[in-house]
$ cat protein-v1.cif   # mmCIF, C-alpha atoms
data_query
#
loop_
_atom_site.label_atom_id
_atom_site.label_comp_id
_atom_site.auth_asym_id
_atom_site.auth_seq_id
_atom_site.Cartn_x
_atom_site.Cartn_y
_atom_site.Cartn_z
CA MET T 1 2.52 -12.39 43.07
CA THR T 2 -0.27 -12.17 45.59
CA ASP T 3 -3.05 -14.71 45.48
CA ASN T 4 -4.85 -13.22 48.42
CA LYS T 5 -8.42 -12.75 47.24
CA LEU T 6 -9.22 -9.96 49.65
CA THR T 7 -6.10 -7.97 48.79
CA SER T 8 -6.80 -8.14 45.10
CA ASP T 9 -10.44 -7.12 45.66
CA ILE T 10 -9.27 -3.97 47.40
CA LEU T 11 -6.77 -3.28 44.62
CA ARG T 12 -9.30 -3.98 41.91
CA GLY T 13 -11.65 -1.40 43.45
CA HIS T 14 -9.07 1.26 42.67
CA THR T 15 -8.32 0.31 39.06
CA ASP T 16 -10.00 3.44 37.67
CA THR T 17 -7.84 5.70 39.82
CA MET T 18 -4.65 3.75 39.01
CA ILE T 19 -5.32 4.18 35.29
CA LEU T 20 -6.18 7.88 35.66
CA LYS T 21 -2.91 8.39 37.53
CA LEU T 22 -0.90 6.83 34.68
CA LEU T 23 -2.69 8.98 32.12
CA LEU T 24 -2.06 12.25 34.03
CA ASP T 25 1.31 12.74 32.33
CA GLU T 26 1.14 10.70 29.15
CA ASP T 27 -1.23 8.88 26.79
CA HIS T 28 -0.91 5.07 26.93
CA TYR T 29 -2.21 2.02 25.10
CA GLY T 30 -3.75 -1.01 26.83
CA TYR T 31 -0.82 -3.33 27.37
CA GLU T 32 1.40 -0.38 28.32
CA ILE T 33 -0.99 0.35 31.21
CA ILE T 34 -0.81 -3.28 32.40
CA LYS T 35 3.00 -3.26 32.27
CA LEU T 36 3.32 0.06 34.08
CA ILE T 37 1.03 -1.16 36.88
CA LEU T 38 3.03 -4.38 37.17
CA ASN T 39 6.35 -2.51 37.27
CA ASN T 40 5.17 0.28 39.59
CA SER T 41 3.86 -2.35 42.05
CA ASP T 42 7.21 -4.22 42.04
CA ASN T 43 5.56 -7.12 40.19
CA GLN T 44 2.89 -7.46 42.90
CA TYR T 45 -0.18 -6.50 40.90
CA ASP T 46 -0.76 -8.06 37.48
CA LEU T 47 -3.92 -6.41 36.17
CA LYS T 48 -6.10 -8.75 34.12
CA GLU T 49 -7.17 -7.64 30.65
CA ALA T 50 -10.83 -8.04 31.62
CA THR T 51 -10.48 -5.75 34.65
CA MET T 52 -8.60 -3.12 32.69
CA TYR T 53 -10.94 -2.95 29.72
CA SER T 54 -14.02 -2.77 31.98
CA SER T 55 -12.38 0.10 33.76
CA LEU T 56 -11.39 1.87 30.54
CA LYS T 57 -14.95 1.56 29.24
CA ARG T 58 -16.34 2.98 32.49
CA LEU T 59 -13.92 5.91 32.35
CA GLU T 60 -14.81 6.53 28.72
CA ASN T 61 -18.54 6.51 29.45
CA ASP T 62 -18.22 9.08 32.23
CA LEU T 63 -16.01 11.23 29.92
CA SER T 64 -12.93 10.90 32.16
CA ILE T 65 -10.88 9.59 29.24
CA THR T 66 -11.00 9.63 25.49
CA TRP T 67 -9.02 7.68 22.89
CA TYR T 68 -7.56 7.91 19.42
CA TRP T 69 -5.91 5.55 16.96
CA GLY T 70 -2.14 5.85 16.91
CA GLU T 71 0.53 3.97 15.07
CA GLY T 72 1.80 0.72 16.54
CA LEU T 73 5.42 -0.41 16.36
CA LYS T 74 4.99 -2.91 13.55
CA GLY T 75 2.70 -0.86 11.33
CA GLY T 76 -0.82 -1.66 12.60
CA ARG T 77 -2.96 0.71 14.63
CA ARG T 78 -3.21 1.00 18.36
CA LYS T 79 -5.75 2.63 20.64
CA TYR T 80 -4.20 5.30 22.82
CA TYR T 81 -6.09 6.52 25.88
CA GLN T 82 -6.01 10.15 26.96
CA ILE T 83 -7.26 11.80 30.14
CA THR T 84 -9.76 14.68 29.94
CA GLU T 85 -10.05 17.69 32.25
CA HIS T 86 -12.98 15.92 33.86
CA GLY T 87 -10.76 12.85 34.36
CA ARG T 88 -8.18 14.97 36.18
CA GLU T 89 -10.89 16.27 38.50
CA MET T 90 -12.10 12.70 39.09
CA TYR T 91 -8.57 11.61 39.97
CA GLN T 92 -8.25 14.38 42.57
CA ARG T 93 -11.63 13.50 44.05
CA ASN T 94 -10.78 9.77 44.22
CA ILE T 95 -7.49 10.50 45.98
CA GLU T 96 -9.25 12.68 48.56
CA ASN T 97 -11.86 9.96 49.09
CA TRP T 98 -9.16 7.36 49.61
CA GLN T 99 -7.30 9.48 52.14
CA TYR T 100 -10.52 10.09 54.02
CA SER T 101 -11.38 6.35 54.03
CA LEU T 102 -7.89 5.52 55.21
CA LYS T 103 -8.25 7.80 58.24
CA ILE T 104 -11.52 6.15 59.23
CA LEU T 105 -10.15 2.64 58.68
CA GLU T 106 -7.15 3.41 60.86
CA LYS T 107 -9.52 4.26 63.70
CA LEU T 108 -11.71 1.25 63.14
CA LEU T 109 -9.32 -1.59 62.31
CA MET H 1 1.39 -20.52 19.67
CA LYS H 2 0.32 -17.04 18.59
CA LYS H 3 -2.05 -18.71 16.20
CA ASN H 4 -3.51 -20.63 19.16
CA ILE H 5 -3.96 -17.40 21.09
CA ASN H 6 -5.79 -15.96 18.14
CA ASN H 7 -8.01 -19.04 17.79
CA GLU H 8 -8.82 -18.89 21.48
CA LEU H 9 -9.89 -15.26 21.14
CA GLU H 10 -11.98 -15.96 18.06
CA GLN H 11 -13.82 -18.65 20.03
CA ILE H 12 -14.45 -16.38 23.00
CA PHE H 13 -15.72 -13.54 20.80
CA ALA H 14 -17.76 -15.77 18.48
CA LYS H 15 -20.64 -15.63 20.99
CA TYR H 16 -21.02 -11.86 20.68
CA SER H 17 -22.34 -9.41 18.14
CA ASN H 18 -19.80 -8.01 15.72
CA ASP H 19 -20.45 -4.38 16.49
CA GLU H 20 -17.62 -1.93 16.25
CA GLY H 21 -16.86 -1.67 19.97
CA VAL H 22 -16.60 -5.44 20.33
CA LEU H 23 -14.38 -5.81 17.26
CA GLU H 24 -12.09 -3.06 18.50
CA LEU H 25 -11.84 -4.72 21.90
CA LYS H 26 -10.87 -7.99 20.21
CA GLU H 27 -8.21 -6.17 18.19
CA GLU H 28 -6.78 -4.53 21.33
CA ILE H 29 -6.76 -7.74 23.37
CA LYS H 30 -5.16 -9.68 20.54
CA SER H 31 -2.28 -7.24 20.35
CA ASP H 32 -1.96 -7.15 24.18
CA LEU H 33 -1.82 -10.95 24.43
CA GLU H 34 0.76 -11.23 21.66
CA ASN H 35 2.95 -8.67 23.42
CA ARG H 36 2.45 -10.45 26.73
CA TYR H 37 3.36 -13.81 25.20
CA ASP H 38 6.55 -12.33 23.70
CA ASP H 39 7.42 -10.81 27.08
CA TYR H 40 7.00 -14.17 28.84
CA LEU H 41 9.24 -15.83 26.26
CA SER H 42 11.91 -13.19 26.70
CA GLN H 43 11.70 -13.76 30.48
CA GLY H 44 12.76 -17.34 29.75
CA LEU H 45 9.42 -19.15 30.06
CA ASP H 46 8.97 -22.06 27.66
CA GLU H 47 6.29 -21.75 24.99
CA GLU H 48 3.73 -23.85 26.80
CA LEU H 49 3.97 -22.00 30.10
CA ALA H 50 4.04 -18.66 28.31
CA TYR H 51 0.86 -19.63 26.48
CA LYS H 52 -0.86 -20.77 29.67
CA ARG H 53 0.06 -17.60 31.57
CA THR H 54 -1.04 -15.44 28.64
CA LEU H 55 -4.50 -16.98 28.58
CA GLU H 56 -4.78 -16.74 32.38
CA SER H 57 -4.14 -13.00 32.17
CA LEU H 58 -7.43 -12.50 30.37
CA GLY H 59 -9.57 -12.82 33.52
CA SER H 60 -13.38 -12.86 33.28
CA ILE H 61 -13.36 -11.41 29.83
CA ASP H 62 -16.92 -12.48 29.02
CA GLU H 63 -18.25 -9.96 31.56
CA THR H 64 -16.24 -7.22 29.92
CA ILE H 65 -17.43 -8.05 26.42
CA LYS H 66 -21.04 -8.10 27.63
CA GLU H 67 -20.62 -4.66 29.21
CA ILE H 68 -19.22 -3.28 25.98
CA SER H 69 -21.75 -4.83 23.65
CA ASN H 70 -24.61 -3.52 25.82
CA SER H 71 -23.31 -0.06 26.49
CA GLU H 72 -24.67 2.70 24.36
CA PHE H 73 -22.30 5.60 24.37
CA ASN H 74 -24.61 8.31 25.68
CA SER H 75 -22.49 11.36 25.49
CA VAL H 76 -23.86 14.67 26.62
CA PRO H 77 -22.51 17.82 24.99
CA GLN H 78 -20.40 19.60 27.54
CA MET H 79 -18.68 22.93 27.26
CA ARG H 80 -15.68 22.97 29.55
CA GLY H 81 -13.53 25.91 28.57
CA THR H 82 -12.19 24.98 25.17
CA SER H 83 -12.55 21.27 25.77
CA LEU H 84 -15.33 19.61 23.82
CA ASN H 85 -13.90 16.12 23.80
CA GLY H 86 -16.19 13.15 23.61
CA THR H 87 -19.10 15.34 22.57
CA ASN H 88 -21.76 14.65 20.06
CA LEU H 89 -22.31 17.75 17.93
CA PRO H 90 -23.25 16.58 14.44
CA LYS H 91 -24.10 19.15 11.78
CA ASN H 92 -23.23 22.01 14.06
CA ASP H 93 -22.54 25.48 12.83
CA PHE H 94 -19.11 26.70 13.94
CA VAL H 95 -18.62 29.19 11.07
CA GLY H 96 -15.99 31.83 11.83
CA ILE H 97 -15.10 30.61 15.33
CA SER H 98 -11.66 31.26 16.77
CA LEU H 99 -10.11 28.65 19.04
CA ILE H 100 -6.53 27.94 20.02
CA ASP H 101 -5.54 24.59 21.59
CA GLY H 102 -9.17 23.45 21.47
CA ASN H 103 -9.79 19.80 22.26
CA PHE H 104 -12.43 17.95 20.23
CA ASN H 105 -10.92 14.46 20.66
CA GLY H 106 -13.38 11.63 20.27
CA SER H 107 -16.24 13.90 19.17
CA VAL H 108 -18.95 13.28 16.63
CA LEU H 109 -18.84 16.29 14.31
CA LYS H 110 -20.27 14.73 11.16
CA GLY H 111 -21.32 17.35 8.64
CA SER H 112 -20.33 20.28 10.87
CA ASN H 113 -19.37 23.59 9.33
CA PHE H 114 -16.06 25.08 10.51
CA SER H 115 -15.51 27.23 7.41
CA ASN H 116 -13.59 30.54 7.76
CA SER H 117 -12.56 29.58 11.29
CA GLU H 118 -9.34 29.87 13.19
CA LEU H 119 -8.58 26.50 14.82
CA VAL H 120 -4.89 26.71 15.63
CA GLN H 121 -3.36 23.64 17.31
CA CYS H 122 -6.73 22.09 17.91
CA LYS H 123 -7.08 18.36 18.55
CA PHE H 124 -9.58 16.38 16.48
CA LYS H 125 -8.23 12.89 17.23
CA GLY H 126 -10.51 9.90 16.87
CA CYS H 127 -13.39 12.05 15.65
CA GLU H 128 -16.26 11.23 13.33
CA MET H 129 -15.95 14.15 10.92
CA SER H 130 -17.24 12.88 7.60
CA GLU H 131 -18.59 15.66 5.35
CA THR H 132 -17.22 18.30 7.72
CA ASN H 133 -16.43 21.63 6.09
CA PHE H 134 -13.10 23.31 6.97
CA SER H 135 -12.88 25.50 3.87
CA ASN H 136 -10.76 28.67 4.20
CA SER H 137 -9.93 27.86 7.83
CA SER H 138 -6.61 28.19 9.58
CA LEU H 139 -5.78 24.76 10.99
CA ILE H 140 -2.09 25.37 11.72
CA GLY H 141 -0.60 22.58 13.88
CA SER H 142 -3.94 20.84 14.38
CA ALA H 143 -4.15 17.05 14.82
CA PHE H 144 -6.64 14.74 13.10
CA GLY H 145 -5.09 11.35 14.04
CA GLY H 146 -7.36 8.37 13.59
CA SER H 147 -10.38 10.38 12.50
CA ASN H 148 -12.97 9.64 9.86
CA LEU H 149 -12.79 12.51 7.36
CA HIS H 150 -14.61 10.99 4.38
CA HIS H 151 -15.90 13.70 2.01
CA ALA H 152 -14.51 16.46 4.25
CA THR H 153 -13.64 19.78 2.61
CA PHE H 154 -10.33 21.55 3.31
CA THR H 155 -10.48 23.84 0.26
CA GLY H 156 -8.29 26.92 0.77
CA SER H 157 -7.42 25.95 4.34
CA ASP H 158 -4.03 26.36 5.98
CA LEU H 159 -2.78 22.99 7.31
CA LEU H 160 0.79 24.09 8.02
CA ASN H 161 2.40 21.59 10.46
CA ALA H 162 -0.94 19.80 10.89
CA ARG H 163 -1.13 16.01 11.29
CA ILE H 164 -3.66 13.86 9.46
CA ASN H 165 -2.24 10.44 10.36
CA SER H 166 -3.95 7.03 10.54
CA ALA H 167 -7.05 8.76 9.20
CA SER H 168 -9.74 7.69 6.80
CA ALA H 169 -9.91 10.59 4.37
CA ASN H 170 -11.26 9.30 1.07
CA ASP H 171 -12.98 11.75 -1.30
CA CYS H 172 -11.67 14.82 0.54
CA ARG H 173 -11.01 18.18 -1.08
CA PHE H 174 -7.65 19.81 -0.43
CA ASP H 175 -7.87 22.21 -3.39
CA ASN H 176 -5.77 25.38 -2.89
CA ALA H 177 -4.91 24.21 0.66
CA ASN H 178 -1.52 24.94 2.19
CA LEU H 179 -0.02 21.55 3.04
CA THR H 180 3.45 22.78 3.98
CA ASN H 181 5.05 20.40 6.47
CA THR H 182 1.75 18.59 6.89
CA LYS H 183 1.99 14.97 8.02
CA MET H 184 -0.51 12.94 6.02
CA THR H 185 0.87 9.49 6.88
CA SER H 186 -0.65 6.00 7.13
CA SER H 187 -3.99 7.31 5.93
CA SER H 188 -6.32 6.70 3.06
CA PHE H 189 -6.83 9.65 0.67
CA LYS H 190 -8.42 7.73 -2.19
CA ASN H 191 -10.11 9.95 -4.81
CA SER H 192 -9.21 13.12 -2.90
CA THR H 193 -8.41 16.28 -4.86
CA PHE H 194 -5.37 18.54 -4.50
CA SER H 195 -5.67 21.02 -7.36
CA GLY H 196 -3.74 24.22 -6.69
CA ALA H 197 -2.55 22.89 -3.31
CA THR H 198 0.85 23.86 -1.90
CA LEU H 199 2.81 20.64 -1.40
CA ASN H 200 6.03 21.61 0.32
CA HIS H 201 7.67 18.96 2.51
CA THR H 202 4.34 17.24 2.90
CA ASP H 203 4.77 13.69 4.21
CA PHE H 204 2.45 11.15 2.55
CA SER H 205 4.41 8.08 3.76
CA ARG H 206 2.42 4.82 3.85
CA SER H 207 -0.81 6.47 2.65
CA ASP H 208 -3.17 5.30 -0.04
CA LEU H 209 -3.27 7.91 -2.82
CA SER H 210 -5.18 5.86 -5.38
CA ASN H 211 -6.89 7.90 -8.12
CA VAL H 212 -5.36 11.17 -6.88
CA ALA H 213 -4.33 13.76 -9.48
CA PHE H 214 -1.24 15.82 -8.64
CA ASP H 215 -1.45 17.71 -11.95
CA ASN H 216 -0.16 21.24 -12.63
CA LEU H 217 1.60 21.50 -9.25
CA GLU H 218 5.07 22.34 -8.00
CA ILE H 219 5.87 19.60 -5.48
CA ILE H 220 8.87 20.23 -3.25
CA GLY H 221 10.53 17.89 -0.74
CA VAL H 222 7.45 15.67 -0.53
CA SER H 223 7.68 12.04 0.59
CA PHE H 224 5.60 9.51 -1.33
CA ASN H 225 7.54 6.68 0.33
CA ASN H 226 5.61 3.40 0.63
CA THR H 227 2.44 5.00 -0.70
CA SER H 228 -0.04 3.38 -3.01
CA LEU H 229 -0.20 5.44 -6.22
CA LYS H 230 -2.61 3.30 -8.16
CA ASN H 231 -4.02 5.40 -11.03
CA ALA H 232 -2.43 8.58 -9.64
CA SER H 233 -1.34 11.23 -12.13
CA PHE H 234 1.43 13.84 -12.24
CA ASN H 235 0.78 15.74 -15.49
CA ASN H 236 2.51 19.12 -16.04
CA THR H 237 4.08 18.84 -12.59
CA THR H 238 7.46 19.96 -11.31
CA LEU H 239 9.01 17.62 -8.75
CA ILE H 240 11.94 18.83 -6.65
CA GLY H 241 13.53 16.66 -3.94
CA VAL H 242 10.60 14.24 -4.02
CA THR H 243 11.08 10.63 -2.89
CA PHE H 244 9.21 7.53 -4.03
CA LYS H 245 10.93 4.78 -1.99
CA GLY H 246 9.04 1.53 -1.71
CA VAL H 247 6.28 2.52 -4.14
CA LYS H 248 5.04 -0.40 -6.24
CA LYS H 249 6.77 -0.42 -9.60
CA LYS H 250 3.57 -1.28 -11.42
CA HIS H 251 1.87 1.81 -9.98
CA ILE H 252 4.69 4.09 -11.10
CA ASN H 253 4.80 2.48 -14.52
CA GLN H 254 1.11 3.37 -14.92
CA ILE H 255 1.86 7.05 -14.34
CA ASN H 256 2.33 9.00 -17.56
CA PHE H 257 4.79 11.65 -16.45
CA ILE H 258 3.50 13.93 -19.22
CA ASN H 259 5.31 17.24 -19.44
CA VAL H 260 6.99 16.65 -16.06
CA LYS H 261 10.11 18.41 -14.85
CA MET H 262 12.14 16.91 -12.01
CA ASP H 263 15.45 17.47 -10.29
CA LYS H 264 18.18 14.86 -10.01
CA ILE H 265 17.15 13.73 -6.50
CA THR H 266 13.64 12.89 -7.64
CA TYR H 267 14.93 11.34 -10.85
CA SER H 268 17.34 9.06 -9.00
CA SER H 269 14.65 8.09 -6.46
CA LEU H 270 12.53 6.82 -9.36
CA ILE H 271 15.38 5.27 -11.33
CA GLY H 272 16.46 3.54 -8.09
CA ASN H 273 13.12 1.71 -8.17
CA GLY H 274 14.03 0.38 -11.60
CA ILE H 275 11.62 2.72 -13.36
CA VAL H 276 12.25 3.68 -16.97
CA LEU H 277 11.44 7.35 -17.59
CA ASN H 278 11.25 8.62 -21.13
CA ASN H 279 9.32 11.85 -21.27
CA VAL H 280 10.65 13.73 -18.25
CA GLU H 281 12.90 16.73 -18.31
CA VAL H 282 15.64 16.64 -15.65
CA ILE H 283 16.39 20.13 -14.35
#
$ encode --input "protein-v1.cif" --output "structure tokens"
Amino acid sequence: MTDNKLTSDILRGHTDTMILKLLLDEDHYGYEIIKLILNNSDNQYDLKEATMYSSLKRLENDLSITWYWGEGLKGGRRKYYQITEHGREMYQRNIENWQYSLKILEKLL
Amino acid sequence: MKKNINNELEQIFAKYSNDEGVLELKEEIKSDLENRYDDYLSQGLDEELAYKRTLESLGSIDETIKEISNSEFNSVPQMRGTSLNGTNLPKNDFVGISLIDGNFNGSVLKGSNFSNSELVQCKFKGCEMSETNFSNSSLIGSAFGGSNLHHATFTGSDLLNARINSASANDCRFDNANLTNTKMTSSSFKNSTFSGATLNHTDFSRSDLSNVAFDNLEIIGVSFNNTSLKNASFNNTTLIGVTFKGVKKKHINQINFINVKMDKITYSSLIGNGIVLNNVEVI
């Protein structure tokens, strides 16, 4: 696991887009999102609960995602997050922004 | 150790207001941390290390709670094709509209009027829809998961293949509604009415059906498994292929099966619970 502060700052800045990407194909609940990000990063990026829920709230407030109560495994309820059409547009825009930034950084760094 | 995790969370959250958003966040984090702790254990960590790692995973949670307790959800009504999710449209008039695959997830639709509408395969998940009127509407295949439907009216509506799961639906009216293949699971339907409703393969598993009268109906293939049937009644009813697994014996014993006809499957489902039935006619 990386302890490099700078690296994780850069990663953290893209949490919204990471979550939107996961929700493109399927609805997920909180811990599922954390596990998928850990697995998809080959155990390099362990998203903190605080970072994730701030991001989910932000996405909810700008109508990029919505949520509903679903059934958990052991009875109980579980909040499932779902991407909206607006969220899909945001994802595309974020990806384009990132690719543009990358081009500039390659010239500058 | 799970108890310790819970105590830790209670302490962190004790500083904040108990509004709904904050309580829901606590509920989500609690379940996340328990899952995380179990995962660490199954990876071979000892209890102490698993506990330590679990708490570390929280991060600066105070900031997050503050953001949530301060944020007012200012949603602006937006019309994007047929997607109205996250919108705030209380008491709106949607009489006679026609919409297929419409998305209203997360919307506030309290007291809205959708009567005589066609809303096929629409999504109403996580909505505030108390007192909403769906009478005589076609709601085939629509989804109402997790919504608040208190005092909603579904009189004469068609809910074929619809899903009303994990919903709060006390005091609703389903009179003369078609509930064929409708999933009405893990929800609360206390005091709701079903007179003249079509109950064919309706799934009520794990729902609370206290004070509900299923009188004068023909009920076919319906699951009442693990429901609460406190003060429910089944007078003059015909029950075919109906199952009552896991229903509390004392609830069933309260039911006067007056003038009830049932087939052998239903009869054995009840007898299997140790219920003594005197007045029923087995057909």
$ interface_residues --input "protein-v1.cif" --of "chain H" --to "chain T" --cutoff "7 Å" --atoms "all atoms listed in the file" --output "PyMOL selection string"
chain H and resi 32+57-61+64+73+86+105-106+125-126+145-146+166
$ resolve_selection --input "protein-v1.cif" --expression "the PyMOL selection byres ((chain H and resi 111-120) around 8)" --output "ChimeraX atom specification"
/H:89-102,109-110,121-122,129-142
$ atom_distance --input "protein-v1.cif" --atom1 "atom CA of Phe13 of chain H" --atom2 "atom CA of Leu55 of chain H"
14.1 Å
$ residues_around --input "protein-v1.cif" --residues "Thr238 of chain H" --least-positions-apart "4" --cutoff "6 Å" --atoms "all atoms listed in the file" --output "ChimeraX atom specification"
/H:218,260-262
$ closest_residue --input "protein-v1.cif" --among "T:Asp16, T:Asp27, T:Asp42, T:Asp9" --to "Ile95 of chain T" --atoms "all atoms listed in the file"
T:Asp16
$ atom_distance --input "protein-v1.cif" --atom1 "atom CA of Ala213 of chain H" --atom2 "atom CA of Asn226 of chain H"
17.6 Å
$ atom_distance --input "protein-v1.cif" --atom1 "atom CA of Ser192 of chain H" --atom2 "atom CA of Ser269 of chain H"
24.6 Å
$ resolve_selection --input "protein-v1.cif" --expression "the PyMOL selection byres ((chain H and resi 181) around 6)" --output "list in words"
Leu160, Asn161, Thr180, Thr182, His201 and Thr202 of chain H
$ write_last_selection --input "protein-v1.cif" --atoms "C-alpha atoms" --output "mmCIF file, in the coordinates of the input"
data_model
loop_
_atom_site.group_PDB
_atom_site.id
_atom_site.type_symbol
_atom_site.label_atom_id
_atom_site.label_comp_id
_atom_site.auth_asym_id
_atom_site.auth_seq_id
_atom_site.Cartn_x
_atom_site.Cartn_y
_atom_site.Cartn_z
ATOM 1 C CA LEU H 160 0.790 24.090 8.020
ATOM 2 C CA ASN H 161 2.400 21.590 10.460
ATOM 3 C CA THR H 180 3.450 22.780 3.980
ATOM 4 C CA THR H 182 1.750 18.590 6.890
ATOM 5 C CA HIS H 201 7.670 18.960 2.510
ATOM 6 C CA THR H 202 4.340 17.240 2.900
#
$ resolve_selection --input "protein-v1.cif" --expression "the PyMOL selection byres ((chain H and resi 271) around 12)" --output "PDB file with C-alpha atoms, in the frame of the given file"
ATOM      1  CA  THR H 243      11.080  10.630  -2.890  1.00  0.00           C
ATOM      2  CA  PHE H 244       9.210   7.530  -4.030  1.00  0.00           C
ATOM      3  CA  LYS H 245      10.930   4.780  -1.990  1.00  0.00           C
ATOM      4  CA  VAL H 247       6.280   2.520  -4.140  1.00  0.00           C
ATOM      5  CA  LYS H 249       6.770  -0.420  -9.600  1.00  0.00           C
ATOM      6  CA  ILE H 252       4.690   4.090 -11.100  1.00  0.00           C
ATOM      7  CA  ASN H 253       4.800   2.480 -14.520  1.00  0.00           C
ATOM      8  CA  LYS H 264      18.180  14.860 -10.010  1.00  0.00           C
ATOM      9  CA  ILE H 265      17.150  13.730  -6.500  1.00  0.00           C
ATOM     10  CA  THR H 266      13.640  12.890  -7.640  1.00  0.00           C
ATOM     11  CA  TYR H 267      14.930  11.340 -10.850  1.00  0.00           C
ATOM     12  CA  SER H 268      17.340   9.060  -9.000  1.00  0.00           C
ATOM     13  CA  SER H 269      14.650   8.090  -6.460  1.00  0.00           C
ATOM     14  CA  LEU H 270      12.530   6.820  -9.360  1.00  0.00           C
ATOM     15  CA  GLY H 272      16.460   3.540  -8.090  1.00  0.00           C
ATOM     16  CA  ASN H 273      13.120   1.710  -8.170  1.00  0.00           C
ATOM     17  CA  GLY H 274      14.030   0.380 -11.600  1.00  0.00           C
ATOM     18  CA  ILE H 275      11.620   2.720 -13.360  1.00  0.00           C
ATOM     19  CA  VAL H 276      12.250   3.680 -16.970  1.00  0.00           C
ATOM     20  CA  LEU H 277      11.440   7.350 -17.590  1.00  0.00           C
ATOM     21  CA  ASN H 278      11.250   8.620 -21.130  1.00  0.00           C
ATOM     22  CA  VAL H 280      10.650  13.730 -18.250  1.00  0.00           C
TER      23      VAL H 280
END
$ closest_residue --input "protein-v1.cif" --among "H:Ala167, H:Leu9, H:Ile65, H:Leu45" --to "Val22 of chain H" --atoms "only C-alpha atoms"
H:Ile65
$ residues_around --input "protein-v1.cif" --residues "Ala50 of chain H" --least-positions-apart "4" --cutoff "8 Å" --atoms "all atoms listed in the file" --output "VMD selection string"
chain H and resid 37 40 to 41 45 to 46 54
$ residues_near_point --input "protein-v1.cif" --point "(-25.2, -12.0, 19.7)" --cutoff "12 Å" --atoms "all atoms listed in the file" --output "ChimeraX atom specification"
/H:13-19,22,65-66,69-70
$ write_last_selection --input "protein-v1.cif" --atoms "C-alpha atoms" --output "PDB file, in the coordinates of the input"
ATOM      1  CA  PHE H  13     -15.720 -13.540  20.800  1.00  0.00           C
ATOM      2  CA  ALA H  14     -17.760 -15.770  18.480  1.00  0.00           C
ATOM      3  CA  LYS H  15     -20.640 -15.630  20.990  1.00  0.00           C
ATOM      4  CA  TYR H  16     -21.020 -11.860  20.680  1.00  0.00           C
ATOM      5  CA  SER H  17     -22.340  -9.410  18.140  1.00  0.00           C
ATOM      6  CA  ASN H  18     -19.800  -8.010  15.720  1.00  0.00           C
ATOM      7  CA  ASP H  19     -20.450  -4.380  16.490  1.00  0.00           C
ATOM      8  CA  VAL H  22     -16.600  -5.440  20.330  1.00  0.00           C
ATOM      9  CA  ILE H  65     -17.430  -8.050  26.420  1.00  0.00           C
ATOM     10  CA  LYS H  66     -21.040  -8.100  27.630  1.00  0.00           C
ATOM     11  CA  SER H  69     -21.750  -4.830  23.650  1.00  0.00           C
ATOM     12  CA  ASN H  70     -24.610  -3.520  25.820  1.00  0.00           C
TER      13      ASN H  70
END
$ residues_near_point --input "protein-v1.cif" --point "(-4.6, 27.5, -0.2)" --cutoff "9 Å" --atoms "all atoms listed in the file" --output "PyMOL selection string"
chain H and resi 136+154-159+174-179+196-198
